[in-house]
$ cat start02.pdb   # PDB, C-alpha atoms, pLDDT in the B column
ATOM      1  CA  MET R   1     -28.467  85.539 -41.851  1.00 57.00           C
ATOM      2  CA  ASP R   2     -31.058  84.432 -39.270  1.00 66.00           C
ATOM      3  CA  GLU R   3     -32.676  80.997 -39.464  1.00 67.00           C
ATOM      4  CA  GLU R   4     -35.992  82.199 -40.927  1.00 73.00           C
ATOM      5  CA  SER R   5     -34.266  84.211 -43.661  1.00 75.00           C
ATOM      6  CA  PHE R   6     -32.098  81.221 -44.431  1.00 71.00           C
ATOM      7  CA  LYS R   7     -35.086  78.876 -44.712  1.00 70.00           C
ATOM      8  CA  GLU R   8     -36.895  81.410 -46.913  1.00 72.00           C
ATOM      9  CA  ALA R   9     -33.879  81.569 -49.220  1.00 74.00           C
ATOM     10  CA  VAL R  10     -33.754  77.782 -49.343  1.00 71.00           C
ATOM     11  CA  ARG R  11     -37.442  77.604 -50.285  1.00 69.00           C
ATOM     12  CA  HIS R  12     -36.740  79.727 -53.363  1.00 73.00           C
ATOM     13  CA  ALA R  13     -33.612  77.808 -54.327  1.00 78.00           C
ATOM     14  CA  LYS R  14     -33.794  75.527 -57.324  1.00 83.00           C
ATOM     15  CA  ILE R  15     -32.766  72.030 -56.295  1.00 86.00           C
ATOM     16  CA  PRO R  16     -33.328  68.656 -57.968  1.00 90.00           C
ATOM     17  CA  VAL R  17     -35.553  65.984 -56.490  1.00 94.00           C
ATOM     18  CA  LEU R  18     -32.773  64.490 -54.394  1.00 96.00           C
ATOM     19  CA  VAL R  19     -33.969  60.889 -54.208  1.00 96.00           C
ATOM     20  CA  LEU R  20     -33.852  60.736 -58.030  1.00 95.00           C
ATOM     21  CA  ASP R  21     -30.208  61.892 -58.126  1.00 94.00           C
ATOM     22  CA  GLN R  22     -27.649  59.068 -57.886  1.00 94.00           C
ATOM     23  CA  LYS R  23     -24.965  61.517 -56.780  1.00 95.00           C
ATOM     24  CA  TRP R  24     -27.099  62.379 -53.753  1.00 96.00           C
ATOM     25  CA  HIS R  25     -27.165  58.702 -52.744  1.00 96.00           C
ATOM     26  CA  ARG R  26     -23.359  58.583 -53.125  1.00 95.00           C
ATOM     27  CA  LEU R  27     -23.013  61.210 -50.397  1.00 95.00           C
ATOM     28  CA  PHE R  28     -23.868  58.487 -47.882  1.00 95.00           C
ATOM     29  CA  ALA R  29     -21.907  55.655 -49.500  1.00 91.00           C
ATOM     30  CA  LEU R  30     -19.379  55.371 -46.649  1.00 90.00           C
ATOM     31  CA  SER R  31     -21.324  56.349 -43.555  1.00 88.00           C
ATOM     32  CA  GLY R  32     -24.882  55.379 -44.467  1.00 93.00           C
ATOM     33  CA  LYS R  33     -27.908  57.648 -44.136  1.00 95.00           C
ATOM     34  CA  PRO R  34     -28.871  59.020 -40.703  1.00 95.00           C
ATOM     35  CA  ASP R  35     -32.400  58.404 -39.407  1.00 96.00           C
ATOM     36  CA  ASP R  36     -33.749  61.878 -40.200  1.00 95.00           C
ATOM     37  CA  VAL R  37     -32.549  61.599 -43.795  1.00 96.00           C
ATOM     38  CA  LYS R  38     -34.078  58.116 -44.146  1.00 96.00           C
ATOM     39  CA  ALA R  39     -37.456  59.340 -42.860  1.00 97.00           C
ATOM     40  CA  LEU R  40     -37.568  62.284 -45.276  1.00 97.00           C
ATOM     41  CA  GLU R  41     -36.376  60.087 -48.131  1.00 97.00           C
ATOM     42  CA  GLN R  42     -39.228  57.657 -47.494  1.00 97.00           C
ATOM     43  CA  GLU R  43     -41.759  60.491 -47.303  1.00 96.00           C
ATOM     44  CA  LEU R  44     -40.516  61.962 -50.568  1.00 97.00           C
ATOM     45  CA  ASN R  45     -40.572  58.575 -52.309  1.00 97.00           C
ATOM     46  CA  GLU R  46     -44.174  58.061 -51.177  1.00 96.00           C
ATOM     47  CA  LEU R  47     -45.202  61.461 -52.545  1.00 96.00           C
ATOM     48  CA  LEU R  48     -43.541  60.736 -55.881  1.00 96.00           C
ATOM     49  CA  ALA R  49     -45.224  57.345 -56.024  1.00 95.00           C
ATOM     50  CA  GLU R  50     -48.601  58.945 -55.241  1.00 94.00           C
ATOM     51  CA  GLN R  51     -48.037  61.556 -57.939  1.00 95.00           C
ATOM     52  CA  GLY R  52     -47.209  58.859 -60.482  1.00 94.00           C
ATOM     53  CA  LYS R  53     -50.260  56.825 -59.452  1.00 93.00           C
ATOM     54  CA  LEU R  54     -52.594  59.821 -59.816  1.00 94.00           C
ATOM     55  CA  ASN R  55     -51.170  60.742 -63.221  1.00 93.00           C
ATOM     56  CA  ASN R  56     -51.710  57.197 -64.484  1.00 94.00           C
ATOM     57  CA  GLU R  57     -55.195  57.137 -62.991  1.00 92.00           C
ATOM     58  CA  GLN R  58     -56.062  60.420 -64.708  1.00 92.00           C
ATOM     59  CA  LYS R  59     -55.075  58.983 -68.068  1.00 93.00           C
ATOM     60  CA  GLU R  60     -57.251  55.930 -67.536  1.00 92.00           C
ATOM     61  CA  LEU R  61     -60.220  58.013 -66.297  1.00 92.00           C
ATOM     62  CA  LYS R  62     -60.032  60.285 -69.325  1.00 90.00           C
ATOM     63  CA  LYS R  63     -59.947  57.253 -71.620  1.00 90.00           C
ATOM     64  CA  LEU R  64     -62.985  55.832 -69.809  1.00 89.00           C
ATOM     65  CA  LYS R  65     -64.840  59.131 -70.116  1.00 88.00           C
ATOM     66  CA  ASN R  66     -64.150  59.250 -73.863  1.00 89.00           C
ATOM     67  CA  ARG R  67     -65.403  55.698 -74.285  1.00 86.00           C
ATOM     68  CA  LEU R  68     -68.614  56.475 -72.365  1.00 84.00           C
ATOM     69  CA  MET R  69     -69.258  59.617 -74.376  1.00 85.00           C
ATOM     70  CA  ASN R  70     -68.621  57.802 -77.646  1.00 84.00           C
ATOM     71  CA  ASN R  71     -70.962  55.048 -76.513  1.00 80.00           C
ATOM     72  CA  ILE R  72     -73.736  57.596 -75.866  1.00 77.00           C
ATOM     73  CA  VAL R  73     -73.235  59.263 -79.239  1.00 77.00           C
ATOM     74  CA  GLN R  74     -73.146  55.979 -81.159  1.00 76.00           C
ATOM     75  CA  ASN R  75     -76.201  54.533 -79.427  1.00 72.00           C
ATOM     76  CA  ILE R  76     -78.278  57.655 -78.946  1.00 69.00           C
ATOM     77  CA  ASP R  77     -80.990  56.408 -81.303  1.00 64.00           C
ATOM     78  CA  HIS R  78     -81.009  52.808 -80.091  1.00 65.00           C
ATOM     79  CA  ALA R  79     -80.239  52.806 -76.371  1.00 59.00           C
ATOM     80  CA  GLY R  80     -83.038  52.951 -73.869  1.00 60.00           C
ATOM     81  CA  ASP R  81     -83.478  55.591 -71.207  1.00 64.00           C
ATOM     82  CA  ASP R  82     -82.003  53.335 -68.532  1.00 74.00           C
ATOM     83  CA  ALA R  83     -78.833  52.714 -70.544  1.00 69.00           C
ATOM     84  CA  MET R  84     -78.439  56.405 -71.282  1.00 75.00           C
ATOM     85  CA  ALA R  85     -78.964  57.278 -67.647  1.00 78.00           C
ATOM     86  CA  GLN R  86     -76.384  54.719 -66.569  1.00 81.00           C
ATOM     87  CA  ASP R  87     -73.802  56.069 -69.013  1.00 78.00           C
ATOM     88  CA  LYS R  88     -74.433  59.623 -67.852  1.00 83.00           C
ATOM     89  CA  ARG R  89     -74.099  58.524 -64.234  1.00 86.00           C
ATOM     90  CA  LEU R  90     -70.756  56.860 -64.997  1.00 89.00           C
ATOM     91  CA  ILE R  91     -69.580  59.987 -66.802  1.00 88.00           C
ATOM     92  CA  ASP R  92     -70.528  62.143 -63.808  1.00 89.00           C
ATOM     93  CA  GLU R  93     -68.671  59.807 -61.453  1.00 90.00           C
ATOM     94  CA  THR R  94     -65.653  59.824 -63.748  1.00 90.00           C
ATOM     95  CA  ASN R  95     -65.688  63.630 -63.926  1.00 90.00           C
ATOM     96  CA  ALA R  96     -65.877  63.851 -60.121  1.00 90.00           C
ATOM     97  CA  LYS R  97     -62.915  61.504 -59.757  1.00 91.00           C
ATOM     98  CA  ILE R  98     -60.921  63.399 -62.380  1.00 90.00           C
ATOM     99  CA  GLU R  99     -61.630  66.683 -60.578  1.00 90.00           C
ATOM    100  CA  ALA R 100     -60.599  65.219 -57.201  1.00 89.00           C
ATOM    101  CA  ASN R 101     -57.379  63.869 -58.701  1.00 88.00           C
ATOM    102  CA  GLU R 102     -56.605  67.236 -60.280  1.00 90.00           C
ATOM    103  CA  ASP R 103     -56.889  68.918 -56.870  1.00 88.00           C
ATOM    104  CA  GLU R 104     -54.455  66.413 -55.399  1.00 88.00           C
ATOM    105  CA  LEU R 105     -52.095  66.765 -58.343  1.00 91.00           C
ATOM    106  CA  LEU R 106     -52.059  70.526 -57.810  1.00 91.00           C
ATOM    107  CA  ASP R 107     -51.159  70.055 -54.126  1.00 92.00           C
ATOM    108  CA  ILE R 108     -48.589  67.270 -54.417  1.00 94.00           C
ATOM    109  CA  PRO R 109     -45.852  69.311 -56.209  1.00 92.00           C
ATOM    110  CA  ASN R 110     -45.796  71.779 -53.307  1.00 91.00           C
ATOM    111  CA  ARG R 111     -45.570  68.940 -50.797  1.00 93.00           C
ATOM    112  CA  ILE R 112     -42.779  67.356 -52.840  1.00 94.00           C
ATOM    113  CA  LYS R 113     -40.878  70.651 -52.953  1.00 90.00           C
ATOM    114  CA  GLU R 114     -41.252  71.221 -49.191  1.00 90.00           C
ATOM    115  CA  THR R 115     -40.156  67.678 -48.357  1.00 94.00           C
ATOM    116  CA  ASP R 116     -37.268  67.925 -50.812  1.00 93.00           C
ATOM    117  CA  ALA R 117     -36.143  71.197 -49.181  1.00 90.00           C
ATOM    118  CA  ALA R 118     -36.301  69.583 -45.734  1.00 91.00           C
ATOM    119  CA  LEU R 119     -34.274  66.660 -47.079  1.00 94.00           C
ATOM    120  CA  MET R 120     -31.723  69.090 -48.489  1.00 93.00           C
ATOM    121  CA  LEU R 121     -31.309  70.745 -45.072  1.00 90.00           C
ATOM    122  CA  ALA R 122     -30.896  67.378 -43.362  1.00 93.00           C
ATOM    123  CA  THR R 123     -28.372  66.394 -46.032  1.00 94.00           C
ATOM    124  CA  MET R 124     -26.435  69.631 -45.561  1.00 92.00           C
ATOM    125  CA  ARG R 125     -26.308  69.143 -41.791  1.00 92.00           C
ATOM    126  CA  PHE R 126     -24.973  65.634 -42.258  1.00 95.00           C
ATOM    127  CA  CYS R 127     -22.430  66.609 -44.928  1.00 94.00           C
ATOM    128  CA  TYR R 128     -21.039  69.650 -43.100  1.00 94.00           C
ATOM    129  CA  THR R 129     -20.719  67.628 -39.897  1.00 94.00           C
ATOM    130  CA  LYS R 130     -18.877  64.962 -41.888  1.00 94.00           C
ATOM    131  CA  LEU R 131     -16.656  67.586 -43.556  1.00 95.00           C
ATOM    132  CA  ARG R 132     -15.676  69.052 -40.186  1.00 96.00           C
ATOM    133  CA  THR R 133     -15.027  65.593 -38.730  1.00 95.00           C
ATOM    134  CA  ASN R 134     -12.920  64.548 -41.714  1.00 94.00           C
ATOM    135  CA  ALA R 135     -10.931  67.801 -41.601  1.00 96.00           C
ATOM    136  CA  SER R 136     -10.261  67.384 -37.883  1.00 97.00           C
ATOM    137  CA  GLU R 137      -9.165  63.763 -38.296  1.00 96.00           C
ATOM    138  CA  ALA R 138      -7.013  64.674 -41.314  1.00 97.00           C
ATOM    139  CA  LYS R 139      -5.245  67.335 -39.229  1.00 97.00           C
ATOM    140  CA  GLU R 140      -4.641  64.846 -36.421  1.00 97.00           C
ATOM    141  CA  ILE R 141      -3.156  62.377 -38.899  1.00 97.00           C
ATOM    142  CA  SER R 142      -1.058  65.134 -40.491  1.00 97.00           C
ATOM    143  CA  ASP R 143       0.314  66.130 -37.073  1.00 97.00           C
ATOM    144  CA  TRP R 144       1.075  62.491 -36.303  1.00 96.00           C
ATOM    145  CA  ILE R 145       2.922  62.085 -39.611  1.00 97.00           C
ATOM    146  CA  LYS R 146       4.911  65.267 -38.911  1.00 96.00           C
ATOM    147  CA  ASN R 147       5.932  64.021 -35.466  1.00 96.00           C
ATOM    148  CA  VAL R 148       6.844  60.594 -36.804  1.00 97.00           C
ATOM    149  CA  ARG R 149       9.005  62.195 -39.489  1.00 96.00           C
ATOM    150  CA  ILE R 150      10.830  64.236 -36.856  1.00 96.00           C
ATOM    151  CA  GLU R 151      11.410  61.142 -34.710  1.00 96.00           C
ATOM    152  CA  LEU R 152      12.462  59.186 -37.792  1.00 96.00           C
ATOM    153  CA  LYS R 153      15.058  61.812 -38.699  1.00 96.00           C
ATOM    154  CA  LYS R 154      16.380  61.820 -35.127  1.00 96.00           C
ATOM    155  CA  ASN R 155      16.652  58.033 -35.085  1.00 96.00           C
ATOM    156  CA  ILE R 156      18.332  57.965 -38.500  1.00 96.00           C
ATOM    157  CA  ILE R 157      20.968  60.392 -37.179  1.00 96.00           C
ATOM    158  CA  LYS R 158      21.392  58.311 -34.013  1.00 96.00           C
ATOM    159  CA  LYS R 159      21.738  55.128 -36.080  1.00 95.00           C
ATOM    160  CA  GLN R 160      24.358  56.753 -38.328  1.00 95.00           C
ATOM    161  CA  ASN R 161      26.266  58.064 -35.306  1.00 96.00           C
ATOM    162  CA  ARG R 162      26.312  54.611 -33.707  1.00 93.00           C
ATOM    163  CA  GLU R 163      27.566  53.016 -36.909  1.00 92.00           C
ATOM    164  CA  ILE R 164      30.252  55.687 -37.371  1.00 94.00           C
ATOM    165  CA  ASN R 165      31.292  55.347 -33.744  1.00 94.00           C
ATOM    166  CA  ASN R 166      31.563  51.553 -34.111  1.00 91.00           C
ATOM    167  CA  LYS R 167      33.758  51.927 -37.201  1.00 92.00           C
ATOM    168  CA  GLU R 168      35.946  54.416 -35.370  1.00 93.00           C
ATOM    169  CA  ILE R 169      36.255  52.162 -32.311  1.00 92.00           C
ATOM    170  CA  TYR R 170      37.161  49.205 -34.501  1.00 89.00           C
ATOM    171  CA  ALA R 171      39.781  51.255 -36.355  1.00 91.00           C
ATOM    172  CA  TYR R 172      41.379  52.372 -33.074  1.00 92.00           C
ATOM    173  CA  MET R 173      41.331  48.800 -31.724  1.00 91.00           C
ATOM    174  CA  HIS R 174      42.876  47.507 -34.937  1.00 89.00           C
ATOM    175  CA  ASP R 175      45.609  50.117 -34.691  1.00 91.00           C
ATOM    176  CA  ILE R 176      46.282  49.443 -30.995  1.00 93.00           C
ATOM    177  CA  PHE R 177      46.035  45.636 -30.754  1.00 89.00           C
ATOM    178  CA  GLY R 178      47.022  44.577 -34.243  1.00 89.00           C
ATOM    179  CA  LYS R 179      45.404  42.416 -36.901  1.00 86.00           C
ATOM    180  CA  ASP R 180      46.112  39.000 -35.296  1.00 86.00           C
ATOM    181  CA  VAL R 181      44.503  39.875 -31.969  1.00 86.00           C
ATOM    182  CA  MET R 182      41.537  41.491 -33.667  1.00 83.00           C
ATOM    183  CA  ASN R 183      40.963  38.412 -35.820  1.00 84.00           C
ATOM    184  CA  LEU R 184      40.809  36.262 -32.676  1.00 83.00           C
ATOM    185  CA  PHE R 185      38.149  38.479 -31.164  1.00 82.00           C
ATOM    186  CA  ASP R 186      36.291  38.718 -34.465  1.00 78.00           C
ATOM    187  CA  VAL R 187      36.004  34.926 -34.566  1.00 75.00           C
ATOM    188  CA  ALA R 188      34.844  34.859 -30.925  1.00 71.00           C
ATOM    189  CA  ASP R 189      32.143  37.465 -31.597  1.00 70.00           C
ATOM    190  CA  GLU R 190      29.020  35.261 -31.477  1.00 61.00           C
ATOM    191  CA  ASN R 191      26.629  37.883 -32.874  1.00 62.00           C
ATOM    192  CA  ASN R 192      28.935  38.899 -35.750  1.00 62.00           C
ATOM    193  CA  LEU R 193      28.716  42.502 -34.610  1.00 61.00           C
ATOM    194  CA  VAL R 194      32.306  43.241 -35.422  1.00 57.00           C
ATOM    195  CA  THR R 195      32.060  41.681 -38.851  1.00 54.00           C
ATOM    196  CA  ASN R 196      29.013  43.807 -39.614  1.00 60.00           C
ATOM    197  CA  ILE R 197      30.581  47.093 -38.528  1.00 58.00           C
ATOM    198  CA  LYS R 198      33.970  46.769 -40.215  1.00 56.00           C
ATOM    199  CA  PRO R 199      34.659  49.867 -42.321  1.00 50.00           C
ATOM    200  CA  ALA R 200      33.841  49.396 -45.978  1.00 46.00           C
ATOM    201  CA  ASP R 201      37.202  50.940 -46.862  1.00 48.00           C
ATOM    202  CA  GLU R 202      39.208  48.710 -44.478  1.00 47.00           C
ATOM    203  CA  LYS R 203      42.791  48.570 -45.675  1.00 43.00           C
ATOM    204  CA  PRO R 204      44.222  45.335 -47.026  1.00 38.00           C
ATOM    205  CA  GLU R 205      46.398  43.034 -44.936  1.00 42.00           C
ATOM    206  CA  GLY R 206      49.702  44.560 -43.984  1.00 39.00           C
ATOM    207  CA  VAL R 207      48.500  48.173 -44.154  1.00 39.00           C
ATOM    208  CA  GLN R 208      48.085  49.748 -40.741  1.00 43.00           C
ATOM    209  CA  VAL R 209      44.975  51.809 -39.982  1.00 42.00           C
ATOM    210  CA  ASN R 210      45.747  54.546 -37.518  1.00 45.00           C
ATOM    211  CA  ALA R 211      43.463  56.738 -35.458  1.00 43.00           C
ATOM    212  CA  LYS R 212      44.256  59.918 -37.358  1.00 42.00           C
ATOM    213  CA  GLU R 213      43.144  58.436 -40.676  1.00 45.00           C
ATOM    214  CA  ALA R 214      39.913  57.087 -39.137  1.00 44.00           C
ATOM    215  CA  ALA R 215      39.098  60.441 -37.562  1.00 45.00           C
ATOM    216  CA  ALA R 216      39.860  62.302 -40.790  1.00 45.00           C
ATOM    217  CA  GLN R 217      37.388  60.092 -42.702  1.00 45.00           C
ATOM    218  CA  ARG R 218      34.568  60.934 -40.287  1.00 48.00           C
ATOM    219  CA  PRO R 219      32.464  64.103 -40.934  1.00 46.00           C
ATOM    220  CA  ALA R 220      32.993  66.695 -38.207  1.00 44.00           C
ATOM    221  CA  GLU R 221      29.285  67.215 -37.552  1.00 45.00           C
ATOM    222  CA  ASP R 222      28.740  63.459 -37.072  1.00 46.00           C
ATOM    223  CA  PHE R 223      31.585  63.281 -34.611  1.00 41.00           C
ATOM    224  CA  LYS R 224      30.125  66.183 -32.631  1.00 45.00           C
ATOM    225  CA  ALA R 225      26.664  64.647 -32.621  1.00 45.00           C
ATOM    226  CA  ASP R 226      28.044  61.368 -31.350  1.00 46.00           C
ATOM    227  CA  THR R 227      29.889  62.983 -28.459  1.00 44.00           C
ATOM    228  CA  LYS R 228      26.756  64.659 -27.090  1.00 47.00           C
ATOM    229  CA  LYS R 229      25.706  63.254 -23.757  1.00 43.00           C
ATOM    230  CA  GLY R 230      22.610  61.062 -23.686  1.00 43.00           C
ATOM    231  CA  ASP R 231      22.911  59.816 -27.289  1.00 46.00           C
TER     232      ASP R 231
END
$ encode --input "start02.pdb" --output "structure tokens"
Amino acid sequence: MDEESFKEAVRHAKIPVLVLDQKWHRLFALSGKPDDVKALEQELNELLAEQGKLNNEQKELKKLKNRLMNNIVQNIDHAGDDAMAQDKRLIDETNAKIEANEDELLDIPNRIKETDAALMLATMRFCYTKLRTNASEAKEISDWIKNVRIELKKNIIKKQNREINNKEIYAYMHDIFGKDVMNLFDVADENNLVTNIKPADEKPEGVQVNAKEAAAQRPAEDFKADTKKGD
């Protein structure tokens, strides 16, 4: 659809007066309204205010006209020519003002509709730009989360391999050097690394832990992962 056809379709679309719709204002709650939207909003508010002013003025003018006509009828036998002429002049002026207001009131709805349609287009431009920006940023964040998850899984595997390797090394050392020697080095370990990596299923005193048992307790895939170069 070309731009002119699109605008023609928009002109025939039924849309609410946007500035009177609280949901419309909520569209800009986070980002605020751009300058073009603010300008059209102000123009539309001024037209609505003018329409309300003219409607109120018409009511008052019609009341005044009725009072003047009633005054003429009630005093037709008693009022002088000057008074009658003055009342008629006021009625003519009131009629002229009423007629002028009616012309403006016929024109204002069209101006309101045109301004409202322009405001809708400006709103749509803003919203679709925001939608595209949000979608792009959401994808970037999603990709980042995906990459972090991959790195997290890799690091979890590395961490597990290091811990398994430490337990295996400690088991071999325990088997080779014996409990007494290992206790001496455990006490000398300032950072308590050895204490922290002792196998949870370490055998009680007097039971020897050999390398075959330690290797058998370790999953094959973990052992393979740990032996890869660069880990």
$ resolve_selection --input "start02.pdb" --expression "the PyMOL selection byres ((chain R and resi 82-95) around 12)" --output "ChimeraX atom specification"
/R:57-81,96-102
$ resolve_selection --input "start02.pdb" --expression "the PyMOL selection byres ((chain R and resi 47-53) around 8)" --output "MDAnalysis selection string"
chainID R and resid 43:46 54:57 105 108 111:112
$ resolve_selection --input "start02.pdb" --expression "the PyMOL selection byres ((chain R and resi 124) around 12)" --output "mmCIF file with C-alpha atoms, in the frame of the given file"
data_model
loop_
_atom_site.group_PDB
_atom_site.id
_atom_site.type_symbol
_atom_site.label_atom_id
_atom_site.label_comp_id
_atom_site.auth_asym_id
_atom_site.auth_seq_id
_atom_site.Cartn_x
_atom_site.Cartn_y
_atom_site.Cartn_z
ATOM 1 C CA VAL R 10 -33.754 77.782 -49.343
ATOM 2 C CA TRP R 24 -27.099 62.379 -53.753
ATOM 3 C CA LEU R 27 -23.013 61.210 -50.397
ATOM 4 C CA PHE R 28 -23.868 58.487 -47.882
ATOM 5 C CA PRO R 34 -28.871 59.020 -40.703
ATOM 6 C CA ASP R 36 -33.749 61.878 -40.200
ATOM 7 C CA VAL R 37 -32.549 61.599 -43.795
ATOM 8 C CA ALA R 117 -36.143 71.197 -49.181
ATOM 9 C CA ALA R 118 -36.301 69.583 -45.734
ATOM 10 C CA LEU R 119 -34.274 66.660 -47.079
ATOM 11 C CA MET R 120 -31.723 69.090 -48.489
ATOM 12 C CA LEU R 121 -31.309 70.745 -45.072
ATOM 13 C CA ALA R 122 -30.896 67.378 -43.362
ATOM 14 C CA THR R 123 -28.372 66.394 -46.032
ATOM 15 C CA ARG R 125 -26.308 69.143 -41.791
ATOM 16 C CA PHE R 126 -24.973 65.634 -42.258
ATOM 17 C CA CYS R 127 -22.430 66.609 -44.928
ATOM 18 C CA TYR R 128 -21.039 69.650 -43.100
ATOM 19 C CA THR R 129 -20.719 67.628 -39.897
ATOM 20 C CA LYS R 130 -18.877 64.962 -41.888
ATOM 21 C CA LEU R 131 -16.656 67.586 -43.556
#
$ atom_distance --input "start02.pdb" --atom1 "CA of Asn110 (chain R)" --atom2 "CA of Val17 (chain R)"
12.2 Å
$ atom_distance --input "start02.pdb" --atom1 "CA of Ala9 (chain R)" --atom2 "CA of Thr115 (chain R)"
15.3 Å
$ residues_around --input "start02.pdb" --residues "His12 (chain R)" --least-positions-apart "4" --cutoff "12 Å" --atoms "all atoms listed in the file" --output "list of chain:residue names"
R:Ser5, R:Phe6, R:Lys7, R:Glu8, R:Lys113, R:Glu114, R:Ala117
$ write_last_selection --input "start02.pdb" --atoms "C-alpha atoms" --output "mmCIF file, keeping the file's coordinate frame"
data_model
loop_
_atom_site.group_PDB
_atom_site.id
_atom_site.type_symbol
_atom_site.label_atom_id
_atom_site.label_comp_id
_atom_site.auth_asym_id
_atom_site.auth_seq_id
_atom_site.Cartn_x
_atom_site.Cartn_y
_atom_site.Cartn_z
ATOM 1 C CA SER R 5 -34.266 84.211 -43.661
ATOM 2 C CA PHE R 6 -32.098 81.221 -44.431
ATOM 3 C CA LYS R 7 -35.086 78.876 -44.712
ATOM 4 C CA GLU R 8 -36.895 81.410 -46.913
ATOM 5 C CA LYS R 113 -40.878 70.651 -52.953
ATOM 6 C CA GLU R 114 -41.252 71.221 -49.191
ATOM 7 C CA ALA R 117 -36.143 71.197 -49.181
#
$ atom_distance --input "start02.pdb" --atom1 "CA of Gly32 (chain R)" --atom2 "CA of Trp144 (chain R)"
28.1 Å
$ closest_residue --input "start02.pdb" --among "R:Asp21, R:Asp116, R:Glu163, R:Asp175" --to "Ala39 (chain R)" --atoms "all atoms listed in the file"
R:Asp116
